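Okay, so here's the structure we're looking at.
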Amino acid sequence: MQIYGETERLMLRRITEDDVDNLVELDSDPEVMRHLSGGEPTSREKIVGEVLLRILSYTGDQGFFAAIEKPTAEFLGWFLLRAKHGEPEDEPELGYRLRKIAWGKGYATEGSVALIQKAFGELGARRVYAEALAVNVGSRRVMEKAGLQYVRSFPVDRPEIPGSEQGAVEYELLRADWERLRRGQQTPG
C-alpha cells in the first residue's frame, strides 16, 4: 500500500480497484449524496464502469486518495487533489467526500490542510481551489477552516438537487497567501 500522506489521525493512500465496495458504500448514503445527486446513490455498475476508471486515470502526484482512520484502519471516504484534465497542473482542485461517521470530527479540514501543504510545499502549486453548492454549508466551512477564501458564485443546472438554484461557490488559496499563513503560524507566541 502506497501512502500518499499522513496527518495525526489519517493516512491517505491512493484509491485502487480494491476500494469498489468502499466507494459503493460511501455513495449509497443519501445524506452523503444530498448535495451531489439529490440523495440518489451511485450504482455499483456506474462506480465500476465510470467512477473508478476516472479515479484511476489520475497518476503521479495528483489524484484521489482514500482516507483511512489510523487507530481503526477504517475507510472514512476520500480526498482529491488534482488538476482537471486539460487544466493547469499548478492549479489543482481540492475535494473530499466522507462517510457520515466522520462528519463533525475535523477529518475533512485535517485532510484538506495536509493536501494543501503537499500542493504548495512539494508539488509547486500556484493556486488550490475547491467548489461546492452554495447551500452546502458544511463543505464551505471546511474550505474556510483550511484557509481557502471565497472567490465567486456561479450558476449550476442541477434541478435534481434541492438548493442548487442558489448556484455554486468557488474558494481558493494562492501560493502567496499560503506562504503568509505559514509565516504567521511559525511566529512564536
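To be explicit about the labels: the chains of the C-alpha cells are called A, B, and onward in the order shown, and within each one the residues are counted from 1, while ligands get numbers from 1 in the order they are shown.
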
**Near-Ala67 in chain A list (8 Å; only C-alpha atoms; drop same-chain fewer than 6 positions) as a PyMOL selection string** = chain A and resi 10-13+75-79+111

Grab the residues selected above and save them as a short mmCIF file (atom, residue, chain, number, x, y, z; two decimals), in the first residue's frame with C-alpha atoms.
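Output (result-v9.cif):
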data_model
loop_
_atom_site.label_atom_id
_atom_site.label_comp_id
_atom_site.auth_asym_id
_atom_site.auth_seq_id
_atom_site.Cartn_x
_atom_site.Cartn_y
_atom_site.Cartn_z
CA LEU A 10 -5.46 9.94 8.96
CA MET A 11 -3.48 8.01 6.43
CA LEU A 12 -4.06 8.99 2.81
CA ARG A 13 -3.35 6.38 0.17
CA PHE A 75 -12.18 3.73 5.32
CA LEU A 76 -13.68 7.15 6.06
CA GLY A 77 -14.00 8.42 2.49
CA TRP A 78 -11.74 10.12 0.01
CA PHE A 79 -9.93 13.33 -0.79
CA GLY A 111 -7.10 16.04 5.32
#

**Request:** Please identify all polymer residues within 9 Å of Arg127 in chain A, counting only C-alpha atoms, omitting same-chain residues fewer than 2 positions from it, and present them as a PyMOL selection string.
**Result:** chain A and resi 90-93+119-120+125+129+172-175

Store the residues picked out above in a file with C-alpha atoms, as a PDB file, in the first residue's frame.
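Dumped to out-v2.pdb:
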ATOM      1  CA  ASP A  90      -0.203  24.029 -10.880  1.00  0.00           C
ATOM      2  CA  GLU A  91      -3.856  24.821 -10.078  1.00  0.00           C
ATOM      3  CA  PRO A  92      -5.221  21.629  -8.521  1.00  0.00           C
ATOM      4  CA  GLU A  93      -8.737  21.249  -7.229  1.00  0.00           C
ATOM      5  CA  ALA A 119       0.305  21.034  -3.129  1.00  0.00           C
ATOM      6  CA  PHE A 120       2.272  24.144  -2.217  1.00  0.00           C
ATOM      7  CA  ALA A 125       1.087  24.666  -6.920  1.00  0.00           C
ATOM      8  CA  TYR A 129      -9.273  25.778  -5.282  1.00  0.00           C
ATOM      9  CA  GLU A 172      -9.178  29.401  -3.401  1.00  0.00           C
ATOM     10  CA  LEU A 173      -5.837  29.748  -1.717  1.00  0.00           C
ATOM     11  CA  LEU A 174      -2.991  31.353  -3.657  1.00  0.00           C
ATOM     12  CA  ARG A 175       0.658  30.469  -3.055  1.00  0.00           C
TER      13      ARG A 175
END

**Request:** Using only C-alpha atoms, determine which residues lie at most 12 Å from Gly49 in chain A, disregarding the query and same-chain residues fewer than 6 positions distant; provide the list as a list in words.
**Result:** Glu17, Val20, Thr42, Ser43, Ile55 and Leu56 of chain A

**Prompt:** Between A:Arg44, A:Gly38, A:Pro88, A:Gln2, which has the minimum distance to Pro159 in chain A (counting only C-alpha atoms)?
**Reply:**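 Closest to Pro159 in chain A of all the choices is A:Gly38.
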
**Non-local contacts of Tyr171 in chain A (6 Å; only C-alpha atoms; under 2 positions in same chain excluded) as a PyMOL selection string** = chain A and resi 129-130+148-151

Just write the chosen residues, N, CA and C atoms, as a short mmCIF file (atom, residue, chain, number, x, y, z; two decimals), in the first residue's frame.
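Written output follows (out24.cif):
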data_model
loop_
_atom_site.label_atom_id
_atom_site.label_comp_id
_atom_site.auth_asym_id
_atom_site.auth_seq_id
_atom_site.Cartn_x
_atom_site.Cartn_y
_atom_site.Cartn_z
N TYR A 129 -7.89 25.30 -5.36
CA TYR A 129 -9.27 25.78 -5.28
C TYR A 129 -10.22 24.63 -4.97
N ALA A 130 -11.42 24.99 -4.53
CA ALA A 130 -12.46 24.00 -4.24
C ALA A 130 -13.80 24.62 -4.60
N LEU A 148 -8.90 28.49 2.66
CA LEU A 148 -9.36 28.98 1.37
C LEU A 148 -10.31 30.16 1.58
N GLN A 149 -10.34 31.05 0.60
CA GLN A 149 -11.21 32.22 0.68
C GLN A 149 -12.18 32.23 -0.48
N TYR A 150 -13.36 32.75 -0.20
CA TYR A 150 -14.41 32.85 -1.22
C TYR A 150 -13.92 33.69 -2.40
N VAL A 151 -14.18 33.19 -3.63
CA VAL A 151 -13.80 33.88 -4.85
C VAL A 151 -15.03 34.33 -5.63
#

**Prompt:** Do you know which residues are at most 12 Å from Glu110 in chain A counting only C-alpha atoms, after dropping those on the same chain fewer than 3 positions away, and could you put them as a count of residues only?
**Reply:** 28

**Message:** Write out as a VMD selection string the set of residues from chain A that DSSP, computed on the backbone, places in strand (DSSP E).
**Reply:** chain A and resid 3 to 6 10 to 14 63 to 69 74 to 82 93 to 98 127 to 133 149 to 154 168 to 174

**Request:** Output as a PyMOL selection string all residues of range 31-154 of chain A that backbone DSSP marks as helix (DSSP H, G or I).
**Result:** chain A and resi 31-37+44-56+100-102+107-121+137-145

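Separating CA of Ala83 in chain A from CA of Tyr58 in chain A is a distance of 9.2 Å.
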
Glu40 in chain A environment, 12 Å, only C-alpha atoms, sequence neighbours closer than 2 positions dropped, as a compact mmCIF listing (two decimals) with C-alpha atoms, in the first residue's frame:
# COMPACT_ATOMS: atom_id res chain seq x y z
CA LEU A 26 -19.93 5.82 0.53
CA ASP A 27 -22.09 6.77 -2.46
CA SER A 28 -25.07 4.78 -1.16
CA ASP A 29 -25.72 7.10 1.77
CA PRO A 30 -28.44 9.62 0.85
CA GLU A 31 -27.02 12.19 3.30
CA VAL A 32 -23.53 11.95 1.78
CA MET A 33 -25.02 12.34 -1.71
CA ARG A 34 -27.53 15.08 -0.81
CA HIS A 35 -25.53 17.95 -2.37
CA LEU A 36 -24.11 15.80 -5.18
CA SER A 37 -27.07 13.91 -6.63
CA GLY A 38 -30.03 14.99 -4.56
CA THR A 42 -24.40 5.88 -7.38
CA SER A 43 -24.94 2.36 -8.70
CA GLU A 160 -32.48 17.27 -9.07
CA ILE A 161 -30.51 18.73 -6.15
CA PRO A 162 -32.52 20.80 -3.66
